[in-house]
Amino acid sequence: MAAGYSSAAVSMGHLALKRAIRHAEANDLVSRNVATLADTPKGQHGRPSKSLTLDQAIAVITAARTLPVMELRPGLKDVRRPAALMHAYIVLSLLCGLRTEEARALRWAHVDLDGDPEARPPVPPHVAVWRSVRVHGETKTERSRRTLALPAAAVHALRTWSGSQADERLAAGDDWQDTGLVFTTHRGAALDAGNVRKMFKRVCTEAGIGDSWTPRELRTSFVSLMSHQGVSIEEIARLVGHASTRTTEIVYRRELRPVITTGAEIMDQLFTGT
């Protein structure tokens, strides 16, 4: 594995091996867990993540608004899907900072596109990020469960996609799988990660930024755009569902604005001319 995978992947593989042999050891199938005696080898350098600039992000959203995408079916004819599918997926992921596994597991029952303006205080349109495609449907950490207000662009994109999905449901008839998921195949089943990646690459190519981007970099871009607008790292950590700001700093170090200017900007306003 070390010859072809990243260090993180090699570590996960070694851990899986140790757990498997520990299980065998507990059932008296082996006398000792030899995997614990070996150091985890260093793997290959992974491709560093990157983030979209504001202009690139706008270009991607613009391209996604009108570009139909293809749902790839190995051994079968590919299916042409409405542009609204990836437009909604990209807008939601980029403007709210969802993980890819959170977006693919999102259900309509956890999306409120109207809110409650009569409530006190008013409740804005929002999305409850409570599930992911991980084992048992759990989010990555307990702190990852969060309810986020939806920007107007995300509300509009989701409404449009809801109408397109309803049309696909009618076209599928009895073949439709009523999963309740927001992002689905043309038959209502969950989208797999591979299809999402291929659809996203096609949108990026159409936007003129190349096909080297991955859907997870929409979340990275969210962090970058928030940071460059002066949002504190504490607030960014809350928005992306990190257990602490340390996680945000370690994982998104390159995307955080290196110079903290808030203090200087405020003091300049207070003491102008002194």
# chains A, B, ... in the order shown; residues from 1 in each chain; ligands from 1
call {"tool": "select_by_dssp", "arguments": {"residues": "range 86-208 of chain A", "states": "alpha helix (DSSP H)", "output": "VMD selection string"}}
result
chain A and resid 86 to 96 100 to 105 152 to 172 193 to 206
call {"tool": "write_last_selection", "arguments": {"atoms": "N, CA and C atoms", "output": "short mmCIF file (atom, residue, chain, number, x, y, z; two decimals), in the first residue's frame"}}
result
data_model
loop_
_atom_site.label_atom_id
_atom_site.label_comp_id
_atom_site.auth_asym_id
_atom_site.auth_seq_id
_atom_site.Cartn_x
_atom_site.Cartn_y
_atom_site.Cartn_z
N MET A 86 -26.83 19.09 -10.24
CA MET A 86 -25.51 19.51 -9.80
C MET A 86 -25.47 20.96 -9.39
N HIS A 87 -26.35 21.78 -9.98
CA HIS A 87 -26.41 23.18 -9.55
C HIS A 87 -26.78 23.26 -8.08
N ALA A 88 -27.80 22.52 -7.66
CA ALA A 88 -28.21 22.53 -6.26
C ALA A 88 -27.13 21.92 -5.37
N TYR A 89 -26.52 20.83 -5.82
CA TYR A 89 -25.47 20.17 -5.03
C TYR A 89 -24.29 21.11 -4.81
N ILE A 90 -23.86 21.77 -5.87
CA ILE A 90 -22.70 22.66 -5.79
C ILE A 90 -23.01 23.89 -4.94
N VAL A 91 -24.16 24.50 -5.17
CA VAL A 91 -24.52 25.70 -4.41
C VAL A 91 -24.64 25.39 -2.92
N LEU A 92 -25.29 24.29 -2.58
CA LEU A 92 -25.45 23.92 -1.18
C LEU A 92 -24.10 23.62 -0.52
N SER A 93 -23.25 22.86 -1.21
CA SER A 93 -21.96 22.48 -0.65
C SER A 93 -21.04 23.70 -0.51
N LEU A 94 -21.04 24.56 -1.51
CA LEU A 94 -20.14 25.71 -1.51
C LEU A 94 -20.60 26.81 -0.57
N LEU A 95 -21.90 27.05 -0.51
CA LEU A 95 -22.41 28.17 0.29
C LEU A 95 -22.68 27.80 1.74
N CYS A 96 -22.70 26.48 2.05
CA CYS A 96 -22.96 26.07 3.42
C CYS A 96 -21.82 25.23 4.02
N THR A 100 -19.02 16.12 1.61
CA THR A 100 -19.65 15.40 0.51
C THR A 100 -20.57 14.30 1.04
N GLU A 101 -20.15 13.60 2.10
CA GLU A 101 -20.97 12.52 2.64
C GLU A 101 -22.22 13.05 3.33
N GLU A 102 -22.17 14.32 3.80
CA GLU A 102 -23.35 14.93 4.41
C GLU A 102 -24.36 15.34 3.33
N ALA A 103 -23.86 15.88 2.23
CA ALA A 103 -24.75 16.31 1.15
C ALA A 103 -25.46 15.11 0.52
N ARG A 104 -24.73 14.02 0.30
CA ARG A 104 -25.34 12.86 -0.36
C ARG A 104 -26.33 12.14 0.55
N ALA A 105 -26.22 12.34 1.87
CA ALA A 105 -27.15 11.69 2.80
C ALA A 105 -28.31 12.59 3.21
N ALA A 152 -30.03 32.67 0.24
CA ALA A 152 -31.13 32.75 -0.74
C ALA A 152 -30.82 31.95 -2.00
N ALA A 153 -29.56 31.97 -2.44
CA ALA A 153 -29.20 31.24 -3.66
C ALA A 153 -29.39 29.73 -3.47
N ALA A 154 -29.10 29.23 -2.27
CA ALA A 154 -29.28 27.80 -1.99
C ALA A 154 -30.76 27.45 -1.94
N VAL A 155 -31.59 28.32 -1.37
CA VAL A 155 -33.04 28.09 -1.33
C VAL A 155 -33.59 27.98 -2.75
N HIS A 156 -33.19 28.92 -3.60
CA HIS A 156 -33.68 28.93 -4.98
C HIS A 156 -33.22 27.67 -5.72
N ALA A 157 -31.95 27.30 -5.55
CA ALA A 157 -31.41 26.12 -6.25
C ALA A 157 -32.11 24.85 -5.81
N LEU A 158 -32.39 24.73 -4.52
CA LEU A 158 -33.06 23.53 -4.00
C LEU A 158 -34.52 23.47 -4.45
N ARG A 159 -35.18 24.61 -4.52
CA ARG A 159 -36.57 24.63 -5.03
C ARG A 159 -36.61 24.15 -6.48
N THR A 160 -35.68 24.66 -7.27
CA THR A 160 -35.63 24.28 -8.69
C THR A 160 -35.37 22.79 -8.83
N TRP A 161 -34.41 22.28 -8.04
CA TRP A 161 -34.10 20.85 -8.12
C TRP A 161 -35.28 20.00 -7.63
N SER A 162 -36.00 20.48 -6.63
CA SER A 162 -37.15 19.73 -6.12
C SER A 162 -38.18 19.52 -7.24
N GLY A 163 -38.39 20.56 -8.06
CA GLY A 163 -39.32 20.42 -9.17
C GLY A 163 -38.81 19.44 -10.23
N SER A 164 -37.51 19.50 -10.52
CA SER A 164 -36.93 18.57 -11.49
C SER A 164 -36.99 17.13 -10.99
N GLN A 165 -36.74 16.96 -9.70
CA GLN A 165 -36.79 15.61 -9.12
C GLN A 165 -38.21 15.07 -9.17
N ALA A 166 -39.20 15.92 -8.96
CA ALA A 166 -40.59 15.48 -9.05
C ALA A 166 -40.92 15.00 -10.45
N ASP A 167 -40.38 15.68 -11.46
CA ASP A 167 -40.59 15.24 -12.85
C ASP A 167 -39.95 13.87 -13.08
N GLU A 168 -38.75 13.65 -12.52
CA GLU A 168 -38.08 12.36 -12.67
C GLU A 168 -38.86 11.26 -11.95
N ARG A 169 -39.48 11.61 -10.83
CA ARG A 169 -40.28 10.64 -10.09
C ARG A 169 -41.47 10.19 -10.92
N LEU A 170 -42.12 11.14 -11.57
CA LEU A 170 -43.25 10.79 -12.43
C LEU A 170 -42.81 9.92 -13.61
N ALA A 171 -41.66 10.27 -14.19
CA ALA A 171 -41.16 9.52 -15.35
C ALA A 171 -40.77 8.09 -14.96
N ALA A 172 -40.25 7.91 -13.73
CA ALA A 172 -39.81 6.58 -13.28
C ALA A 172 -40.98 5.69 -12.92
N ALA A 193 -20.46 8.28 -4.73
CA ALA A 193 -19.42 9.31 -4.77
C ALA A 193 -18.78 9.42 -6.14
N GLY A 194 -18.58 8.28 -6.82
CA GLY A 194 -17.94 8.29 -8.13
C GLY A 194 -18.72 9.09 -9.15
N ASN A 195 -20.04 8.93 -9.16
CA ASN A 195 -20.86 9.68 -10.10
C ASN A 195 -20.82 11.18 -9.81
N VAL A 196 -20.85 11.53 -8.53
CA VAL A 196 -20.79 12.94 -8.16
C VAL A 196 -19.47 13.56 -8.64
N ARG A 197 -18.37 12.83 -8.45
CA ARG A 197 -17.06 13.34 -8.88
C ARG A 197 -17.03 13.58 -10.39
N LYS A 198 -17.54 12.63 -11.15
CA LYS A 198 -17.52 12.77 -12.61
C LYS A 198 -18.41 13.92 -13.07
N MET A 199 -19.59 14.05 -12.47
CA MET A 199 -20.47 15.16 -12.81
C MET A 199 -19.81 16.50 -12.49
N PHE A 200 -19.16 16.56 -11.33
CA PHE A 200 -18.54 17.81 -10.89
C PHE A 200 -17.38 18.20 -11.80
N LYS A 201 -16.58 17.22 -12.20
CA LYS A 201 -15.45 17.50 -13.10
C LYS A 201 -15.94 18.08 -14.43
N ARG A 202 -17.07 17.57 -14.91
CA ARG A 202 -17.61 18.08 -16.18
C ARG A 202 -18.04 19.54 -16.02
N VAL A 203 -18.63 19.86 -14.89
CA VAL A 203 -19.04 21.24 -14.64
C VAL A 203 -17.81 22.15 -14.56
N CYS A 204 -16.77 21.69 -13.87
CA CYS A 204 -15.54 22.50 -13.73
C CYS A 204 -14.89 22.73 -15.08
N THR A 205 -14.89 21.71 -15.93
CA THR A 205 -14.34 21.85 -17.27
C THR A 205 -15.13 22.89 -18.06
N GLU A 206 -16.44 22.83 -17.97
CA GLU A 206 -17.30 23.79 -18.65
C GLU A 206 -17.06 25.20 -18.13
#
call {"tool": "residues_around", "arguments": {"residues": "Ser244 in chain A", "least_positions_apart": "2", "cutoff": "12 Å", "atoms": "only C-alpha atoms", "output": "list in words"}}
result
Thr141, Glu142, Arg143, Ser144, Ile233, Glu234, Glu235, Ile236, Ala237, Arg238, Leu239, Val240, Gly241, His242, Arg246, Thr247, Thr248, Glu249, Ile250 and Val251 of chain A
call {"tool": "closest_residue", "arguments": {"among": "A:Trp130, A:Ala84, A:Pro151, A:Pro124", "to": "Pro68 in chain A", "atoms": "only C-alpha atoms"}}
result
A:Ala84
call {"tool": "select_by_dssp", "arguments": {"residues": "range 25-92 of chain A", "states": "strand (DSSP E)", "output": "MDAnalysis selection string"}}
result
chainID A and resid 69:71 79:81
call {"tool": "atom_distance", "arguments": {"atom1": "CA of Lys18 in chain A", "atom2": "CA of Ser49 in chain A"}}
result
29.3 Å
call {"tool": "atom_distance", "arguments": {"atom1": "CA of Leu256 in chain A", "atom2": "CA of Thr220 in chain A"}}
result
9.7 Å
call {"tool": "closest_residue", "arguments": {"among": "A:Arg65, A:Arg22, A:Lys50, A:His45", "to": "Leu85 in chain A", "atoms": "only C-alpha atoms"}}
result
A:Arg65
call {"tool": "residues_around", "arguments": {"residues": "Ala128 in chain A", "least_positions_apart": "4", "cutoff": "7 Å", "atoms": "only C-alpha atoms", "output": "list in words"}}
result
His110, Val111, Arg146, Thr147 and Leu148 of chain A
call {"tool": "residues_around", "arguments": {"residues": "Gln44 in chain A", "least_positions_apart": "5", "cutoff": "8 Å", "atoms": "only C-alpha atoms", "output": "JSON, numbers by chain"}}
result
{"A": [2, 3, 4, 5, 6, 7]}
call {"tool": "atom_distance", "arguments": {"atom1": "CA of Thr66 in chain A", "atom2": "CA of Pro82 in chain A"}}
result
8.6 Å
call {"tool": "residues_around", "arguments": {"residues": "Asn33 in chain A", "least_positions_apart": "2", "cutoff": "8 Å", "atoms": "only C-alpha atoms", "output": "list in words"}}
result
Lys18, Ile21, Arg22, Glu25, Val30, Ser31, Ala35, Thr36 and Leu37 of chain A
call {"tool": "write_last_selection", "arguments": {"atoms": "C-alpha atoms", "output": "PDB file, in the first residue's frame"}}
result
ATOM      1  CA  LYS A  18      -4.485  -4.921  13.433  1.00  0.00           C
ATOM      2  CA  ILE A  21      -5.955  -9.989  13.741  1.00  0.00           C
ATOM      3  CA  ARG A  22      -7.016  -8.808  17.223  1.00  0.00           C
ATOM      4  CA  GLU A  25      -6.565 -13.457  18.590  1.00  0.00           C
ATOM      5  CA  VAL A  30      -3.826 -16.934  16.235  1.00  0.00           C
ATOM      6  CA  SER A  31      -1.428 -16.772  19.146  1.00  0.00           C
ATOM      7  CA  ALA A  35       0.567  -6.520  12.982  1.00  0.00           C
ATOM      8  CA  THR A  36       1.091  -4.571  16.199  1.00  0.00           C
ATOM      9  CA  LEU A  37       4.833  -5.308  16.016  1.00  0.00           C
TER      10      LEU A  37
END
call {"tool": "closest_residue", "arguments": {"among": "A:Ala64, A:Leu106, A:Ala119, A:Leu150", "to": "Thr184 in chain A", "atoms": "only C-alpha atoms"}}
result
A:Leu106
